[in-house]
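Have a look at the structure below, then the notes.
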Amino acid sequence: MKKIVSWSKRRGFVFPSSEIYGGFSAVYDYGPYGVELANNIKKNWWKRMVQENENIVGLDTSIFMHPKVWEASGHVDGFSDPLAECKQCHTRIRADHLLEDAGIFADEKMTEEEINQLLDENKDKIKCPKCGNKGNFSKVKKFNLLVKSNLGNFTGEWEKDSVYLRGETCQGIYINFKNVLDSTRQKIPFGIAQIGKAFRNEITARQFIFRKREFEQMEMQYFIHSEMAKKNYKKWREKRWQYYLDLGIQEKNLKWHQHENLVFYAQEAWDIEYNFPFGFKELEGIHYRTDYDLKQHSQFSGKDLSYYDPQKNEKYIPHVIETSVGVDRTFLAVITDAFKEEDLGDGKKRLVVKFSKSLAPIKIAIFPLLKNKPELVQKARAIYNKLKSKFMCEFDDNGNIGKRYRRQDEIGTPYCVTVDFDTLKNDTVTLRDRDTMQQERISIDQLDDFFQKEFSD
Ligand code: GAP
């Protein structure tokens, strides 16, 4: 993990937020290559979920919603984590994480008293991760994860004007269910997909971008008749598993986890877990949410959110199957899977990040062999200018060729093109493959076709 974190910063993928001010816990910024990777992840998800499914449409709803949305959704009352405080160093920490680190499982549905009892019974095993103090913790309190802000200046009182930053993107989908139904030709079953920011007041900042306070979700809500729900729930679980294989993730690093203890909205829940550097943890949640959400919003808004099927002459509240994954967790899984330290023999090593071609931030790097030979630089620039409108390219004339290859290997660029003295004679260039390190000569005229084929999704 340490290697990945330091590489992420050194190579411009992930920066800790507000670093010049000493940092800001559990908030991170994506650097120049990180934003390319995150954009490619989102593009890929959108293509698979929206573009390739004629019964799924997209949406982009606001982060701010009417405060009642969060009452109806159950988040105001039920969206909390158990918080404990170390009496010695005053670090605040999730009690379930304290127990988990000691090998004791705490159930999501446990009451404060039950967790306190578990902490008490296991006093000698439970340790503060910061100061090492054993078993000396405050009583556990439920800590709501919704992040508050305030909007407008209507009453002048902070509490009365306060609103929530959305804790999950799907609520924006539910409250627009009728709008989508009325403005498109979709019929049940159909899905609505959205990518957007979500905010949670996570108690413990740890595990890098795995648990952020501001993060991005890619969620799809599939609206369906209850009779078809179970079958389609299975189908979506299979589809989402395949999605990760198609993304180039190694299957041995994925596993299923079925929730025994369900969050308040779910009737059945499965996670796809990824083998992160700190072990198998949730990457994506696939939930069967029944008609809970649309029913709640119907009740709280007073608006009828049922669906009328004219063929069957049946009116009902649709059930929902949800697929929900974080951009940031996908990012961390993709990096972990692609990050390789290869032994080249003779004590030589190379760090290479083997992103799949569709996710690589930079697709092609173009070099003149020497930077002080204008003929080479001009030719290399001409190739760069031609390719850059179709592919994300980088021009580099800094340092020797070996160093430039190493730099591109470290940011995961699949191909490097070098203009050398032979290019001036016969208009061919050296094409170097990141994974095999093989080099071949290819005519400049063929580059465009070659890359079109290589980078067609
Ligand atoms: N709408 C359902 C929902 O939000 P969730 O299991 O709480 O369910 C879904 O979150 C996904 O969002 C997770 O599987 C994870 O990929 C991502 N996620 C949740 N909390 C996160 C956090 N604090 N930081 C980064 N990603 C997070």
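Letters A, B, ... mark the chains of the structure tokens in the order given; residue numbers begin at 1 per chain; ligand numbers begin at 1, in order shown.
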Closest atom pairs, chain A residues within 9 Å of ligand 1, only C-alpha atoms and all ligand atoms, as a tab-separated table:
residue	atom	partner	partner_atom_place_in_ligand_line	distance
A:Ala26	CA	ligand 1	23 (N)	8.4
A:Gly167	CA	ligand 1	4 (O)	7.2
A:Glu168	CA	ligand 1	4 (O)	4.7
A:Thr169	CA	ligand 1	1 (N)	6.5
A:Cys170	CA	ligand 1	1 (N)	5.5
A:Gln171	CA	ligand 1	1 (N)	7.8
A:Ala198	CA	ligand 1	21 (C)	8.2
A:Phe199	CA	ligand 1	23 (N)	7.5
A:Arg200	CA	ligand 1	23 (N)	6.1
A:Asn201	CA	ligand 1	23 (N)	8.0
A:Glu202	CA	ligand 1	23 (N)	6.1
A:Ala205	CA	ligand 1	23 (N)	8.9
A:Ile209	CA	ligand 1	25 (C)	6.3
A:Phe210	CA	ligand 1	25 (C)	5.0
A:Arg211	CA	ligand 1	24 (N)	3.5
A:Lys212	CA	ligand 1	24 (N)	3.8
A:Arg213	CA	ligand 1	23 (N)	5.4
A:Glu214	CA	ligand 1	24 (N)	6.9
A:Phe215	CA	ligand 1	25 (C)	5.2
A:Glu216	CA	ligand 1	26 (N)	6.8
A:Gln217	CA	ligand 1	12 (O)	5.5
A:Met218	CA	ligand 1	12 (O)	7.8
A:Glu219	CA	ligand 1	1 (N)	6.9
A:Met220	CA	ligand 1	1 (N)	8.9
A:Gln221	CA	ligand 1	1 (N)	8.9
A:Val263	CA	ligand 1	7 (O)	8.8
A:Asp271	CA	ligand 1	14 (O)	7.2
A:Ile272	CA	ligand 1	14 (O)	8.1
A:Glu273	CA	ligand 1	14 (O)	8.7
A:Glu282	CA	ligand 1	14 (O)	5.5
A:Leu283	CA	ligand 1	16 (O)	4.6
A:Glu284	CA	ligand 1	14 (O)	3.7
A:Gly285	CA	ligand 1	14 (O)	4.6
A:Ile286	CA	ligand 1	2 (C)	8.2
A:His287	CA	ligand 1	2 (C)	7.6
A:Glu322	CA	ligand 1	1 (N)	7.2
A:Thr323	CA	ligand 1	2 (C)	7.7
A:Ser324	CA	ligand 1	9 (C)	4.7
A:Val325	CA	ligand 1	16 (O)	3.9
A:Gly326	CA	ligand 1	16 (O)	3.5
A:Val327	CA	ligand 1	16 (O)	7.0
A:Asp328	CA	ligand 1	25 (C)	5.8
A:Arg329	CA	ligand 1	16 (O)	5.3
A:Thr330	CA	ligand 1	16 (O)	7.2
#### Entry: Contacts of Leu447 in chain A within 12 Å, only C-alpha atoms, excl. fewer than 5 positions in-chain, as a count of residues only
23
### Summary
Shortest contact to Leu37 in chain A, candidates A:Ile195, A:Asn232, A:Tyr288, A:Ser8, atoms counted only C-alpha atoms, goes to A:Ser8
Please provide as a tab-separated table (two decimals) with all heavy atoms, in the first residue's frame all residues within 12 Å of Asn426 in chain A, with the sequence filter that same-chain residues fewer than 6 positions apart are discarded (counting only C-alpha atoms).
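See out27.tsv below for the written result:
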chain	number	residue	atom	x	y	z
A	419	VAL	N	11.16	8.61	-32.91
A	419	VAL	CA	11.67	9.08	-34.20
A	419	VAL	C	13.19	9.11	-34.11
A	419	VAL	O	13.73	9.76	-33.22
A	419	VAL	CB	11.10	10.50	-34.49
A	419	VAL	CG1	11.82	11.13	-35.68
A	419	VAL	CG2	9.60	10.43	-34.70
A	420	ASP	N	13.87	8.37	-35.00
A	420	ASP	CA	15.33	8.32	-34.94
A	420	ASP	C	15.92	8.63	-36.31
A	420	ASP	O	15.20	9.08	-37.21
A	420	ASP	CB	15.79	6.95	-34.40
A	420	ASP	CG	15.22	5.81	-35.21
A	420	ASP	OD1	14.83	6.04	-36.38
A	420	ASP	OD2	15.14	4.68	-34.68
A	441	ARG	N	9.74	-1.91	-36.11
A	441	ARG	CA	9.67	-0.69	-36.93
A	441	ARG	C	8.36	-0.70	-37.67
A	441	ARG	O	7.88	-1.74	-38.11
A	441	ARG	CB	10.86	-0.63	-37.90
A	441	ARG	CG	12.14	-0.30	-37.18
A	441	ARG	CD	13.13	0.42	-38.04
A	441	ARG	NE	12.90	1.84	-38.26
A	441	ARG	CZ	13.28	2.81	-37.43
A	441	ARG	NH1	13.88	2.54	-36.30
A	441	ARG	NH2	13.05	4.08	-37.75
A	442	ILE	N	7.79	0.46	-37.76
A	442	ILE	CA	6.50	0.58	-38.44
A	442	ILE	C	6.52	1.88	-39.24
A	442	ILE	O	7.13	2.87	-38.81
A	442	ILE	CB	5.34	0.52	-37.41
A	442	ILE	CG1	3.98	0.72	-38.07
A	442	ILE	CG2	5.50	1.47	-36.28
A	442	ILE	CD1	2.77	0.39	-37.17
A	443	SER	N	5.86	1.83	-40.38
A	443	SER	CA	5.87	3.03	-41.22
A	443	SER	C	4.93	4.07	-40.60
A	443	SER	O	3.88	3.74	-40.03
A	443	SER	CB	5.44	2.59	-42.63
A	443	SER	OG	4.59	3.51	-43.17
A	444	ILE	N	5.31	5.33	-40.73
A	444	ILE	CA	4.50	6.42	-40.13
A	444	ILE	C	3.06	6.37	-40.66
A	444	ILE	O	2.11	6.59	-39.90
A	444	ILE	CB	5.16	7.80	-40.40
A	444	ILE	CG1	6.47	7.90	-39.64
A	444	ILE	CG2	4.23	8.94	-40.00
A	444	ILE	CD1	7.27	9.17	-39.91
A	445	ASP	N	2.90	6.03	-41.96
A	445	ASP	CA	1.53	5.98	-42.54
A	445	ASP	C	0.64	4.95	-41.85
A	445	ASP	O	-0.58	5.05	-41.95
A	445	ASP	CB	1.50	5.49	-44.00
A	445	ASP	CG	2.45	6.18	-44.88
A	445	ASP	OD1	2.90	7.24	-44.46
A	445	ASP	OD2	2.73	5.63	-45.97
### Task
Using only C-alpha atoms, determine which residues lie at most 7 Å from range 88-93 of chain A, disregarding the query and same-chain residues fewer than 6 positions distant; provide the list as an MDAnalysis selection string.
chainID A and resid 131 133 203:204
Would you mind exporting C-alpha atoms of the selected residues as an mmCIF file, in the first residue's frame?
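Printed below is selection.cif as written:
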data_model
loop_
_atom_site.group_PDB
_atom_site.id
_atom_site.type_symbol
_atom_site.label_atom_id
_atom_site.label_comp_id
_atom_site.auth_asym_id
_atom_site.auth_seq_id
_atom_site.Cartn_x
_atom_site.Cartn_y
_atom_site.Cartn_z
ATOM 1 C CA CYS A 131 -1.496 5.220 20.857
ATOM 2 C CA ASN A 133 -3.907 1.958 24.695
ATOM 3 C CA ILE A 203 -15.364 8.629 11.204
ATOM 4 C CA THR A 204 -12.108 6.967 10.404
#
